[in-house]
Amino acid sequence: MSISKNISTQSASKIKRFRKKKPSTEELLKGIFDSDKTALSRAITLVESTNTLHSKQANEIIEKCLSIKNKSIRIGITGVPGVGKSTFIERFGKQLTKQGKKVAVLAVDPTSTITKGSILGDKTRMEELVKDNNAFIRPSPSGDSLGGVARKTRETIILCEAAGYDIILIETVGVGQSETAVHSMVDFFLLLKLAGAGDELQGIKRGIMEMADAIVINKSDGENIQQAKKARIEFTRALHLLKNKDNGWTPKVFACSALENIGIKEVWETIDNFIKLQTKNGFFITKRQEQNRYWLLQTIENQLKQLFYQDKKVKNQLQNFIDAVINDDISPFSAAEKLLELHSTPKR
Ligand code: GDP
């Protein structure tokens with residue numbers, strides 16, 4: 001069914017109004033605070049833009065949105081393609097919106113620029129949630145680096161929270177470094193797995209196991225049920241062997257069927273308990289503070305790098321230095337020092 005059919009005349013006229021002229025910062029802010037999805041989308045587009053004027057306006061909006069305190073919960077969801085992330089998010093999200101919660105679904109997919117398709121980009125995914133008034137779904141921003149994509153998503157979280165979203169789900173594909181980036185922006189990190197033949201733990205990176213606050217063995221239905229039960233025991237045992245988390249939490253393992261909507265309720269109950277425990281023992285706030293600190297330093301690092309590589313003097317000389325280093329005419333260290341000196345020499 002066409003999505004446009006679901007848009008009321010009122011919101012259609014709102015879209016027209018926003019399209020006709022560029023909305024001011026104040027208009028966008030008012031829209032966001034009124035929980036208007038069109039205004040929220042426009043603001044996110046500014047965050048994602050590479051245009052300097054847009055970035056400036058985006059920064060002004062984010063600054064104002066930061067002052068809105070909302071008790072949102074940020075949940076990261078990862079797993080290899082095909083594990084059932086979108087099916088799970090659809091069920092999980094619907095369950096939350098039925099309780100009256102507002103749910104935003106975002107994604108971090110640094111490969112989207114290369115493959116031209118992005119997770120969540122496909123409109124047929126999460127068909128029910130897309131139509132839900134209490135849900136907001138946004139595909140992954142594109143970008144040439146994971147750092148860039150992750151930064152945009154992080155800023156988008158702030159906008160969604162200012163728009164009154166209680167639960168922010170951030171989906172990422174279980175390949176590469178994107179899990180680490182998502183882990184550093186969420187309160188709870190969920191890993192989706194499949195029960196397969198042989199050793200369940202094979203092929204799973206230890207780092208990801210350590211990051212997970214819960215593991216869901218999905219597709220625990222039909223002929224898979226026995227295998228899923230076995231996998232659940234193995235993962236529980238493996239998690240117990242890992243070092244205890246400082247926050248007093250022992251990661252949980254579930255067997256679920258997103259397709260048949262089995263076990264999803266228990267996952268939410270666990271996350272709810274986790275948040276209550278973390279709020280009580282102070283780790284919830286400590287973790288958010290640490291994440292803010294990390295993102296400050298990360299942003300500085302990224303921007304410094306960008307300034308360096310975009311510097312004309314550096315651009316002109318970089319290849320020469322690379323050639324010289326390859327030919328052993330100069331050591332990589334002194335080449336780096338000379339290039340950094342070039343960059344820091346003030347323009348006359
Ligand atoms: P994603 O790539 O991780 O987002 O995976 P999808 O949610 O798109 O699911 C991939 C395929 O697995 C689809 O055909 C789903 O219908 C199917 N699927 C998802 N969850 C389940 C489940 O719990 N049980 C079964 N049997 N199939 C599922």
# chains A, B, ... in the order shown; residues from 1 in each chain; ligands from 1
call {"tool": "residues_near_ligand", "arguments": {"ligand": "ligand 1", "cutoff": "8 Å", "atoms": "only C-alpha atoms and all ligand atoms", "output": "list in words"}}
result
Gly79, Val80, Pro81, Gly82, Val83, Gly84, Lys85, Ser86, Thr87, Phe88, Ile89, Ile119, Arg125, Val173, Asn218, Lys219, Ser220, Asp221, Gly222, Cys256, Ser257, Ala258, Leu259, Glu260 and Asn261 of chain A
call {"tool": "residues_around", "arguments": {"residues": "A:Ser55", "least_positions_apart": "6", "cutoff": "8 Å", "atoms": "only C-alpha atoms", "output": "PyMOL selection string"}}
result
chain A and resi 46-47+49
call {"tool": "write_last_selection", "arguments": {"atoms": "all heavy atoms", "output": "CSV table (one decimal), in the first residue's frame"}}
result
chain,number,residue,atom,x,y,z
A,46,LEU,N,19.4,18.4,7.7
A,46,LEU,CA,20.4,19.4,7.9
A,46,LEU,C,21.7,18.8,8.6
A,46,LEU,O,22.8,19.1,8.3
A,46,LEU,CB,19.9,20.5,8.8
A,46,LEU,CG,18.8,21.5,8.2
A,46,LEU,CD1,18.3,22.4,9.2
A,46,LEU,CD2,19.4,22.2,7.0
A,47,VAL,N,21.4,17.9,9.6
A,47,VAL,CA,22.5,17.3,10.3
A,47,VAL,C,23.3,16.4,9.3
A,47,VAL,O,24.6,16.4,9.4
A,47,VAL,CB,21.9,16.3,11.4
A,47,VAL,CG1,22.9,15.3,11.9
A,47,VAL,CG2,21.4,17.1,12.6
A,49,SER,N,23.7,16.9,6.1
A,49,SER,CA,24.2,17.7,5.0
A,49,SER,C,25.7,18.0,5.2
A,49,SER,O,26.2,18.2,6.3
A,49,SER,CB,23.4,19.0,4.8
A,49,SER,OG,24.1,19.8,4.0
call {"tool": "select_by_dssp", "arguments": {"residues": "stretch 56-241 of chain A", "states": "strand (DSSP E)", "output": "mmCIF file with all heavy atoms, in the first residue's frame"}}
result
data_model
loop_
_atom_site.group_PDB
_atom_site.id
_atom_site.type_symbol
_atom_site.label_atom_id
_atom_site.label_comp_id
_atom_site.auth_asym_id
_atom_site.auth_seq_id
_atom_site.Cartn_x
_atom_site.Cartn_y
_atom_site.Cartn_z
ATOM 1 N N ILE A 73 15.447 5.863 26.414
ATOM 2 C CA ILE A 73 16.332 4.704 26.514
ATOM 3 C C ILE A 73 16.870 4.439 25.119
ATOM 4 O O ILE A 73 16.103 4.368 24.154
ATOM 5 C CB ILE A 73 15.559 3.474 27.041
ATOM 6 C CG1 ILE A 73 14.994 3.778 28.425
ATOM 7 C CG2 ILE A 73 16.462 2.246 27.084
ATOM 8 C CD1 ILE A 73 14.033 2.712 28.916
ATOM 9 N N ARG A 74 18.174 4.318 25.032
ATOM 10 C CA ARG A 74 18.810 4.087 23.729
ATOM 11 C C ARG A 74 19.265 2.638 23.653
ATOM 12 O O ARG A 74 20.033 2.180 24.497
ATOM 13 C CB ARG A 74 20.006 5.020 23.570
ATOM 14 C CG ARG A 74 19.652 6.481 23.770
ATOM 15 C CD ARG A 74 20.894 7.339 23.944
ATOM 16 N NE ARG A 74 20.543 8.729 24.224
ATOM 17 C CZ ARG A 74 21.429 9.655 24.560
ATOM 18 N NH1 ARG A 74 22.710 9.360 24.643
ATOM 19 N NH2 ARG A 74 21.027 10.888 24.795
ATOM 20 N N ILE A 75 18.766 1.934 22.654
ATOM 21 C CA ILE A 75 19.066 0.505 22.538
ATOM 22 C C ILE A 75 19.746 0.219 21.199
ATOM 23 O O ILE A 75 19.214 0.579 20.141
ATOM 24 C CB ILE A 75 17.762 -0.331 22.650
ATOM 25 C CG1 ILE A 75 17.041 -0.016 23.969
ATOM 26 C CG2 ILE A 75 18.058 -1.828 22.534
ATOM 27 C CD1 ILE A 75 15.619 -0.563 24.046
ATOM 28 N N GLY A 76 20.896 -0.422 21.241
ATOM 29 C CA GLY A 76 21.605 -0.808 20.014
ATOM 30 C C GLY A 76 21.239 -2.248 19.663
ATOM 31 O O GLY A 76 21.138 -3.096 20.550
ATOM 32 N N ILE A 77 21.024 -2.505 18.378
ATOM 33 C CA ILE A 77 20.676 -3.860 17.941
ATOM 34 C C ILE A 77 21.588 -4.246 16.783
ATOM 35 O O ILE A 77 21.657 -3.544 15.774
ATOM 36 C CB ILE A 77 19.193 -3.938 17.507
ATOM 37 C CG1 ILE A 77 18.297 -3.619 18.718
ATOM 38 C CG2 ILE A 77 18.854 -5.320 16.931
ATOM 39 C CD1 ILE A 77 16.833 -3.578 18.440
ATOM 40 N N THR A 78 22.302 -5.348 16.955
ATOM 41 C CA THR A 78 23.204 -5.759 15.886
ATOM 42 C C THR A 78 23.030 -7.238 15.559
ATOM 43 O O THR A 78 22.446 -7.996 16.332
ATOM 44 C CB THR A 78 24.676 -5.442 16.255
ATOM 45 O OG1 THR A 78 25.481 -5.654 15.096
ATOM 46 C CG2 THR A 78 25.194 -6.331 17.367
ATOM 47 N N GLY A 79 23.542 -7.638 14.413
ATOM 48 C CA GLY A 79 23.457 -9.023 13.971
ATOM 49 C C GLY A 79 23.735 -9.069 12.480
ATOM 50 O O GLY A 79 23.535 -8.067 11.786
ATOM 51 N N VAL A 103 8.569 5.475 19.585
ATOM 52 C CA VAL A 103 9.783 4.732 19.222
ATOM 53 C C VAL A 103 10.429 5.306 17.958
ATOM 54 O O VAL A 103 9.750 5.467 16.940
ATOM 55 C CB VAL A 103 9.433 3.238 18.972
ATOM 56 C CG1 VAL A 103 10.670 2.455 18.559
ATOM 57 C CG2 VAL A 103 8.791 2.624 20.203
ATOM 58 N N ALA A 104 11.716 5.611 18.035
ATOM 59 C CA ALA A 104 12.447 6.044 16.832
ATOM 60 C C ALA A 104 13.421 4.939 16.452
ATOM 61 O O ALA A 104 14.057 4.340 17.318
ATOM 62 C CB ALA A 104 13.204 7.335 17.119
ATOM 63 N N VAL A 105 13.493 4.651 15.166
ATOM 64 C CA VAL A 105 14.417 3.615 14.685
ATOM 65 C C VAL A 105 15.429 4.269 13.751
ATOM 66 O O VAL A 105 15.069 4.838 12.720
ATOM 67 C CB VAL A 105 13.668 2.486 13.932
ATOM 68 C CG1 VAL A 105 14.642 1.383 13.536
ATOM 69 C CG2 VAL A 105 12.527 1.927 14.766
ATOM 70 N N LEU A 106 16.688 4.190 14.135
ATOM 71 C CA LEU A 106 17.765 4.777 13.329
ATOM 72 C C LEU A 106 18.725 3.668 12.936
ATOM 73 O O LEU A 106 18.637 2.548 13.444
ATOM 74 C CB LEU A 106 18.516 5.849 14.136
ATOM 75 C CG LEU A 106 17.652 6.865 14.895
ATOM 76 C CD1 LEU A 106 18.527 7.774 15.738
ATOM 77 C CD2 LEU A 106 16.833 7.690 13.909
ATOM 78 N N ALA A 107 19.657 3.977 12.061
ATOM 79 C CA ALA A 107 20.598 2.929 11.657
ATOM 80 C C ALA A 107 21.983 3.503 11.448
ATOM 81 O O ALA A 107 22.140 4.686 11.139
ATOM 82 C CB ALA A 107 20.114 2.292 10.366
ATOM 83 N N VAL A 108 22.965 2.669 11.666
ATOM 84 C CA VAL A 108 24.351 3.039 11.359
ATOM 85 C C VAL A 108 24.860 2.002 10.379
ATOM 86 O O VAL A 108 25.022 0.834 10.716
ATOM 87 C CB VAL A 108 25.236 3.044 12.629
ATOM 88 C CG1 VAL A 108 26.705 3.197 12.264
ATOM 89 C CG2 VAL A 108 24.819 4.160 13.562
ATOM 90 N N ALA A 135 5.719 5.857 15.777
ATOM 91 C CA ALA A 135 7.062 5.400 15.391
ATOM 92 C C ALA A 135 7.646 6.323 14.331
ATOM 93 O O ALA A 135 6.919 6.888 13.512
ATOM 94 C CB ALA A 135 6.993 3.977 14.862
ATOM 95 N N PHE A 136 8.947 6.477 14.384
ATOM 96 C CA PHE A 136 9.651 7.292 13.398
ATOM 97 C C PHE A 136 10.845 6.475 12.913
ATOM 98 O O PHE A 136 11.645 6.007 13.721
ATOM 99 C CB PHE A 136 10.127 8.599 14.054
ATOM 100 C CG PHE A 136 10.958 9.465 13.156
ATOM 101 C CD1 PHE A 136 10.352 10.258 12.187
ATOM 102 C CD2 PHE A 136 12.346 9.478 13.254
ATOM 103 C CE1 PHE A 136 11.115 11.056 11.348
ATOM 104 C CE2 PHE A 136 13.121 10.279 12.423
ATOM 105 C CZ PHE A 136 12.500 11.073 11.462
ATOM 106 N N ILE A 137 10.913 6.268 11.602
ATOM 107 C CA ILE A 137 11.979 5.413 11.073
ATOM 108 C C ILE A 137 12.842 6.215 10.116
ATOM 109 O O ILE A 137 12.326 6.884 9.225
ATOM 110 C CB ILE A 137 11.385 4.178 10.351
ATOM 111 C CG1 ILE A 137 10.532 3.382 11.350
ATOM 112 C CG2 ILE A 137 12.483 3.307 9.759
ATOM 113 C CD1 ILE A 137 9.915 2.133 10.793
ATOM 114 N N ILE A 167 11.939 5.712 23.222
ATOM 115 C CA ILE A 167 12.860 4.602 22.969
ATOM 116 C C ILE A 167 13.539 4.850 21.625
ATOM 117 O O ILE A 167 12.866 5.051 20.603
ATOM 118 C CB ILE A 167 12.103 3.246 22.893
ATOM 119 C CG1 ILE A 167 11.133 3.083 24.050
ATOM 120 C CG2 ILE A 167 13.093 2.088 22.762
ATOM 121 C CD1 ILE A 167 11.710 2.645 25.353
ATOM 122 N N ILE A 168 14.857 4.827 21.620
ATOM 123 C CA ILE A 168 15.591 5.022 20.370
ATOM 124 C C ILE A 168 16.288 3.692 20.052
ATOM 125 O O ILE A 168 17.141 3.240 20.827
ATOM 126 C CB ILE A 168 16.667 6.139 20.498
ATOM 127 C CG1 ILE A 168 16.152 7.351 21.287
ATOM 128 C CG2 ILE A 168 17.228 6.517 19.139
ATOM 129 C CD1 ILE A 168 15.176 8.239 20.589
ATOM 130 N N LEU A 169 15.896 3.087 18.955
ATOM 131 C CA LEU A 169 16.530 1.830 18.546
ATOM 132 C C LEU A 169 17.544 2.144 17.456
ATOM 133 O O LEU A 169 17.214 2.812 16.473
ATOM 134 C CB LEU A 169 15.475 0.856 18.004
ATOM 135 C CG LEU A 169 14.324 0.497 18.944
ATOM 136 C CD1 LEU A 169 13.326 -0.420 18.251
ATOM 137 C CD2 LEU A 169 14.866 -0.193 20.194
ATOM 138 N N ILE A 170 18.752 1.675 17.639
ATOM 139 C CA ILE A 170 19.777 1.932 16.623
ATOM 140 C C ILE A 170 20.279 0.616 16.081
ATOM 141 O O ILE A 170 20.899 -0.182 16.792
ATOM 142 C CB ILE A 170 20.930 2.780 17.195
ATOM 143 C CG1 ILE A 170 20.340 4.090 17.713
ATOM 144 C CG2 ILE A 170 21.986 3.074 16.127
ATOM 145 C CD1 ILE A 170 21.085 4.677 18.823
ATOM 146 N N GLU A 171 19.968 0.400 14.826
ATOM 147 C CA GLU A 171 20.300 -0.870 14.191
ATOM 148 C C GLU A 171 21.639 -0.758 13.472
ATOM 149 O O GLU A 171 21.963 0.268 12.892
ATOM 150 C CB GLU A 171 19.200 -1.186 13.163
ATOM 151 C CG GLU A 171 19.465 -2.440 12.370
ATOM 152 C CD GLU A 171 18.424 -2.676 11.262
ATOM 153 O OE1 GLU A 171 17.542 -1.834 11.064
ATOM 154 O OE2 GLU A 171 18.547 -3.714 10.604
ATOM 155 N N THR A 172 22.415 -1.815 13.540
ATOM 156 C CA THR A 172 23.628 -1.824 12.733
ATOM 157 C C THR A 172 23.901 -3.241 12.247
ATOM 158 O O THR A 172 23.479 -4.210 12.864
ATOM 159 C CB THR A 172 24.847 -1.240 13.486
ATOM 160 O OG1 THR A 172 25.881 -1.023 12.534
ATOM 161 C CG2 THR A 172 25.369 -2.138 14.581
ATOM 162 N N VAL A 173 24.609 -3.326 11.122
ATOM 163 C CA VAL A 173 24.922 -4.656 10.603
ATOM 164 C C VAL A 173 26.105 -5.239 11.351
ATOM 165 O O VAL A 173 27.005 -4.512 11.753
ATOM 166 C CB VAL A 173 25.278 -4.624 9.098
ATOM 167 C CG1 VAL A 173 24.041 -4.791 8.267
ATOM 168 C CG2 VAL A 173 26.035 -3.379 8.744
ATOM 169 N N PHE A 188 21.875 0.209 26.164
ATOM 170 C CA PHE A 188 21.735 -1.247 26.192
ATOM 171 C C PHE A 188 22.094 -1.784 24.815
ATOM 172 O O PHE A 188 21.668 -1.251 23.797
ATOM 173 C CB PHE A 188 20.281 -1.626 26.536
ATOM 174 C CG PHE A 188 20.083 -3.075 26.860
ATOM 175 C CD1 PHE A 188 20.148 -3.521 28.166
ATOM 176 C CD2 PHE A 188 19.843 -3.999 25.849
ATOM 177 C CE1 PHE A 188 19.961 -4.868 28.474
ATOM 178 C CE2 PHE A 188 19.661 -5.346 26.143
ATOM 179 C CZ PHE A 188 19.726 -5.780 27.466
ATOM 180 N N PHE A 189 22.876 -2.863 24.791
ATOM 181 C CA PHE A 189 23.341 -3.379 23.501
ATOM 182 C C PHE A 189 22.890 -4.821 23.331
ATOM 183 O O PHE A 189 23.202 -5.688 24.141
ATOM 184 C CB PHE A 189 24.874 -3.283 23.460
ATOM 185 C CG PHE A 189 25.447 -3.427 22.080
ATOM 186 C CD1 PHE A 189 25.217 -2.469 21.107
ATOM 187 C CD2 PHE A 189 26.239 -4.516 21.752
ATOM 188 C CE1 PHE A 189 25.741 -2.589 19.830
ATOM 189 C CE2 PHE A 189 26.779 -4.649 20.477
ATOM 190 C CZ PHE A 189 26.528 -3.683 19.522
ATOM 191 N N LEU A 190 22.132 -5.044 22.260
ATOM 192 C CA LEU A 190 21.508 -6.349 22.024
ATOM 193 C C LEU A 190 22.116 -7.004 20.783
ATOM 194 O O LEU A 190 22.191 -6.383 19.725
ATOM 195 C CB LEU A 190 20.015 -6.102 21.792
ATOM 196 C CG LEU A 190 19.088 -7.284 21.752
ATOM 197 C CD1 LEU A 190 19.022 -7.956 23.113
ATOM 198 C CD2 LEU A 190 17.684 -6.812 21.357
ATOM 199 N N LEU A 191 22.527 -8.248 20.964
ATOM 200 C CA LEU A 191 23.122 -8.977 19.833
ATOM 201 C C LEU A 191 22.163 -10.067 19.380
ATOM 202 O O LEU A 191 21.723 -10.894 20.180
ATOM 203 C CB LEU A 191 24.458 -9.580 20.301
ATOM 204 C CG LEU A 191 25.149 -10.586 19.388
ATOM 205 C CD1 LEU A 191 25.575 -9.937 18.080
ATOM 206 C CD2 LEU A 191 26.395 -11.165 20.094
ATOM 207 N N LEU A 192 21.832 -10.060 18.098
ATOM 208 C CA LEU A 192 20.959 -11.097 17.545
ATOM 209 C C LEU A 192 21.813 -12.172 16.887
ATOM 210 O O LEU A 192 22.733 -11.853 16.120
ATOM 211 C CB LEU A 192 20.013 -10.484 16.494
ATOM 212 C CG LEU A 192 18.581 -10.230 16.938
ATOM 213 C CD1 LEU A 192 18.546 -9.295 18.126
ATOM 214 C CD2 LEU A 192 17.739 -9.656 15.814
ATOM 215 N N LYS A 193 21.503 -13.433 17.209
ATOM 216 C CA LYS A 193 22.285 -14.548 16.667
ATOM 217 C C LYS A 193 21.345 -15.603 16.107
ATOM 218 O O LYS A 193 20.161 -15.621 16.430
ATOM 219 C CB LYS A 193 23.105 -15.208 17.796
ATOM 220 C CG LYS A 193 24.263 -14.386 18.312
ATOM 221 C CD LYS A 193 25.369 -14.222 17.320
ATOM 222 C CE LYS A 193 26.043 -15.535 16.936
ATOM 223 N NZ LYS A 193 27.031 -15.352 15.852
ATOM 224 N N LEU A 194 21.902 -16.483 15.331
ATOM 225 C CA LEU A 194 21.134 -17.628 14.834
ATOM 226 C C LEU A 194 21.737 -18.884 15.423
ATOM 227 O O LEU A 194 22.947 -18.953 15.623
ATOM 228 C CB LEU A 194 21.259 -17.730 13.312
ATOM 229 C CG LEU A 194 20.521 -16.703 12.471
ATOM 230 C CD1 LEU A 194 20.784 -16.953 11.010
ATOM 231 C CD2 LEU A 194 19.033 -16.741 12.773
ATOM 232 N N ALA A 214 22.637 -8.339 26.245
ATOM 233 C CA ALA A 214 21.777 -9.511 26.076
ATOM 234 C C ALA A 214 21.997 -10.082 24.685
ATOM 235 O O ALA A 214 22.366 -9.353 23.754
ATOM 236 C CB ALA A 214 20.314 -9.144 26.255
ATOM 237 N N ILE A 215 21.812 -11.396 24.583
ATOM 238 C CA ILE A 215 21.911 -12.050 23.282
ATOM 239 C C ILE A 215 20.559 -12.707 22.994
ATOM 240 O O ILE A 215 19.981 -13.363 23.864
ATOM 241 C CB ILE A 215 23.029 -13.120 23.271
ATOM 242 C CG1 ILE A 215 24.393 -12.446 23.460
ATOM 243 C CG2 ILE A 215 23.010 -13.935 21.971
ATOM 244 C CD1 ILE A 215 25.567 -13.405 23.533
ATOM 245 N N VAL A 216 20.066 -12.484 21.788
ATOM 246 C CA VAL A 216 18.809 -13.107 21.384
ATOM 247 C C VAL A 216 19.127 -14.135 20.299
ATOM 248 O O VAL A 216 19.714 -13.790 19.276
ATOM 249 C CB VAL A 216 17.825 -12.040 20.833
ATOM 250 C CG1 VAL A 216 16.708 -12.698 20.042
ATOM 251 C CG2 VAL A 216 17.254 -11.203 21.957
ATOM 252 N N ILE A 217 18.785 -15.391 20.566
ATOM 253 C CA ILE A 217 18.921 -16.397 19.520
ATOM 254 C C ILE A 217 17.602 -16.358 18.764
ATOM 255 O O ILE A 217 16.575 -16.804 19.282
ATOM 256 C CB ILE A 217 19.132 -17.834 20.090
ATOM 257 C CG1 ILE A 217 20.075 -17.831 21.296
ATOM 258 C CG2 ILE A 217 19.525 -18.818 19.004
ATOM 259 C CD1 ILE A 217 21.524 -17.744 21.005
ATOM 260 N N ASN A 218 17.636 -15.785 17.575
ATOM 261 C CA ASN A 218 16.376 -15.597 16.832
ATOM 262 C C ASN A 218 16.041 -16.837 15.989
ATOM 263 O O ASN A 218 16.857 -17.743 15.857
ATOM 264 C CB ASN A 218 16.483 -14.342 15.961
ATOM 265 C CG ASN A 218 15.144 -13.923 15.403
ATOM 266 O OD1 ASN A 218 14.106 -14.081 16.065
ATOM 267 N ND2 ASN A 218 15.132 -13.411 14.188
#
call {"tool": "select_by_dssp", "arguments": {"residues": "stretch 83-314 of chain A", "states": "helix (DSSP H, G or I)", "output": "compact mmCIF listing (two decimals) with C-alpha atoms, in the first residue's frame"}}
result
# COMPACT_ATOMS: atom_id res chain seq x y z
CA LYS A 85 16.87 -7.54 12.79
CA SER A 86 14.10 -5.75 10.95
CA THR A 87 11.54 -8.43 11.80
CA PHE A 88 12.59 -8.21 15.45
CA ILE A 89 12.52 -4.40 15.49
CA GLU A 90 9.08 -4.42 13.88
CA ARG A 91 7.68 -6.70 16.63
CA PHE A 92 9.59 -5.10 19.44
CA GLY A 93 8.69 -1.59 18.27
CA LYS A 94 4.99 -2.42 17.89
CA GLN A 95 4.94 -3.86 21.39
CA LEU A 96 6.31 -0.60 22.74
CA THR A 97 4.04 1.69 20.75
CA LYS A 98 1.07 -0.37 21.98
CA SER A 112 25.43 2.25 2.48
CA THR A 113 27.42 4.71 0.35
CA ILE A 114 29.28 1.91 -1.35
CA THR A 115 26.36 -0.41 -1.94
CA GLU A 127 5.73 -2.28 7.13
CA GLU A 128 3.65 -2.07 10.29
CA LEU A 129 5.96 0.23 12.19
CA VAL A 130 6.27 2.62 9.23
CA LYS A 131 2.51 3.23 9.44
CA LEU A 146 32.15 5.30 9.88
CA GLY A 147 33.10 8.26 12.09
CA GLY A 148 30.98 10.59 9.96
CA VAL A 149 27.98 8.26 9.82
CA ALA A 150 28.13 7.60 13.57
CA ARG A 151 28.38 11.30 14.41
CA LYS A 152 25.29 12.09 12.33
CA THR A 153 23.35 9.30 14.01
CA ARG A 154 24.37 10.50 17.43
CA GLU A 155 23.13 14.00 16.67
CA THR A 156 19.93 12.52 15.27
CA ILE A 157 19.35 10.75 18.61
CA ILE A 158 19.34 14.15 20.33
CA LEU A 159 16.77 15.52 17.86
CA CYS A 160 14.53 12.46 18.28
CA GLU A 161 14.68 12.76 22.05
CA ALA A 162 13.73 16.44 21.86
CA SER A 178 30.08 -0.30 13.36
CA GLU A 179 29.10 -2.27 16.48
CA THR A 180 31.72 -0.46 18.51
CA ALA A 181 30.42 2.88 17.27
CA VAL A 182 26.83 1.97 18.14
CA HIS A 183 27.84 0.51 21.50
CA ARG A 206 34.92 -11.95 21.60
CA GLY A 207 34.72 -8.16 21.58
CA ILE A 208 31.08 -8.25 20.54
CA MET A 209 30.25 -10.81 23.22
CA GLU A 210 31.79 -8.50 25.77
CA MET A 211 29.74 -5.57 24.54
CA GLY A 222 9.71 -24.89 13.85
CA GLU A 223 12.57 -27.29 13.46
CA ASN A 224 14.99 -24.76 14.92
CA ILE A 225 13.65 -24.85 18.47
CA GLN A 226 15.94 -27.59 19.80
CA GLN A 227 19.04 -26.04 18.28
CA ALA A 228 18.11 -22.65 19.65
CA LYS A 229 17.71 -24.09 23.16
CA LYS A 230 21.14 -25.69 22.88
CA ALA A 231 22.66 -22.45 21.62
CA ARG A 232 21.08 -20.60 24.51
CA ILE A 233 22.81 -22.85 27.03
CA GLU A 234 26.15 -22.53 25.25
CA PHE A 235 25.98 -18.75 25.06
CA THR A 236 24.92 -18.46 28.69
CA ARG A 237 27.91 -20.58 29.70
CA ALA A 238 30.27 -18.55 27.50
CA LEU A 239 29.01 -15.26 28.93
CA HIS A 240 29.64 -16.52 32.46
CA LEU A 241 33.26 -17.12 31.55
CA ILE A 264 9.93 -10.50 22.52
CA LYS A 265 8.05 -9.41 25.65
CA GLU A 266 10.76 -10.96 27.86
CA VAL A 267 13.45 -8.99 26.06
CA TRP A 268 11.70 -5.73 26.86
CA GLU A 269 11.15 -6.75 30.50
CA THR A 270 14.88 -7.45 30.78
CA ILE A 271 15.85 -4.11 29.29
CA ASP A 272 13.43 -2.39 31.63
CA ASN A 273 14.99 -4.18 34.62
CA PHE A 274 18.46 -3.32 33.38
CA ILE A 275 17.61 0.38 33.17
CA LYS A 276 16.06 0.35 36.66
CA LEU A 277 19.13 -1.35 38.12
CA GLN A 278 21.57 0.96 36.31
CA THR A 279 19.65 4.05 37.35
CA LYS A 280 19.67 2.88 40.96
CA ASN A 281 23.37 2.06 41.08
CA PHE A 283 25.90 3.49 36.21
CA PHE A 284 23.26 4.79 33.81
CA ILE A 285 24.35 8.38 34.19
CA THR A 286 28.06 7.51 34.48
CA LYS A 287 27.92 5.64 31.19
CA ARG A 288 26.19 8.53 29.41
CA GLN A 289 28.77 10.95 30.79
CA GLU A 290 31.60 8.72 29.61
CA GLN A 291 29.97 8.46 26.21
CA ASN A 292 29.74 12.27 25.96
CA ARG A 293 33.38 12.58 26.86
CA TYR A 294 34.31 9.97 24.27
CA TRP A 295 32.29 11.74 21.57
CA LEU A 296 33.88 15.09 22.36
CA LEU A 297 37.37 13.65 21.94
CA GLN A 298 36.32 11.63 18.91
CA THR A 299 34.84 14.70 17.22
CA ILE A 300 37.99 16.71 17.86
CA GLU A 301 40.09 13.92 16.43
CA ASN A 302 37.93 13.64 13.31
CA GLN A 303 37.86 17.37 12.72
CA LEU A 304 41.61 17.74 13.19
CA LYS A 305 42.17 14.97 10.69
CA GLN A 306 39.80 16.58 8.24
CA LEU A 307 41.48 19.99 8.61
CA PHE A 308 44.87 18.40 8.07
CA TYR A 309 43.97 16.45 4.94
CA GLN A 310 41.99 19.32 3.45
CA LYS A 312 46.11 22.81 0.45
CA LYS A 313 49.75 22.80 1.56
CA VAL A 314 49.37 19.25 2.82
call {"tool": "closest_residue", "arguments": {"among": "A:Glu27, A:Gly282, A:Ile322, A:Tyr165", "to": "A:Ile68", "atoms": "only C-alpha atoms"}}
result
A:Tyr165
call {"tool": "atom_distance", "arguments": {"atom1": "atom CA of A:Thr45", "atom2": "atom CA of A:Lys315"}}
result
29.8 Å
call {"tool": "atom_distance", "arguments": {"atom1": "atom CA of A:Gly248", "atom2": "atom CA of A:Gly263"}}
result
24.0 Å
call {"tool": "atom_distance", "arguments": {"atom1": "atom CA of A:His343", "atom2": "atom CA of A:Asp311"}}
result
6.7 Å
call {"tool": "residues_around", "arguments": {"residues": "A:Phe333", "least_positions_apart": "5", "cutoff": "12 Å", "atoms": "only C-alpha atoms", "output": "PyMOL selection string"}}
result
chain A and resi 321-322+324-325+328+338-340
call {"tool": "write_last_selection", "arguments": {"atoms": "N, CA, C and O atoms", "output": "compact mmCIF listing (two decimals), in the first residue's frame"}}
result
# COMPACT_ATOMS: atom_id res chain seq x y z
N PHE A 321 55.68 13.13 -0.29
CA PHE A 321 56.22 12.52 0.94
C PHE A 321 55.97 11.01 0.95
O PHE A 321 56.82 10.24 1.38
N ILE A 322 54.80 10.61 0.46
CA ILE A 322 54.50 9.17 0.41
C ILE A 322 55.54 8.48 -0.49
O ILE A 322 56.12 7.46 -0.12
N ALA A 324 58.52 9.49 -1.19
CA ALA A 324 59.84 9.51 -0.54
C ALA A 324 59.92 8.43 0.55
O ALA A 324 60.96 7.78 0.70
N VAL A 325 58.83 8.23 1.25
CA VAL A 325 58.82 7.21 2.31
C VAL A 325 58.93 5.82 1.70
O VAL A 325 59.69 4.97 2.18
N ASP A 328 62.35 4.95 0.77
CA ASP A 328 63.30 5.02 1.89
C ASP A 328 64.17 6.26 1.86
O ASP A 328 65.27 6.27 2.41
N LYS A 338 57.26 16.70 9.19
CA LYS A 338 57.37 17.80 8.22
C LYS A 338 55.99 18.21 7.69
O LYS A 338 55.70 19.39 7.53
N LEU A 339 55.15 17.22 7.43
CA LEU A 339 53.80 17.53 6.94
C LEU A 339 52.99 18.26 8.00
O LEU A 339 52.27 19.22 7.71
N LEU A 340 53.14 17.82 9.25
CA LEU A 340 52.40 18.48 10.34
C LEU A 340 52.90 19.91 10.52
O LEU A 340 52.12 20.82 10.79
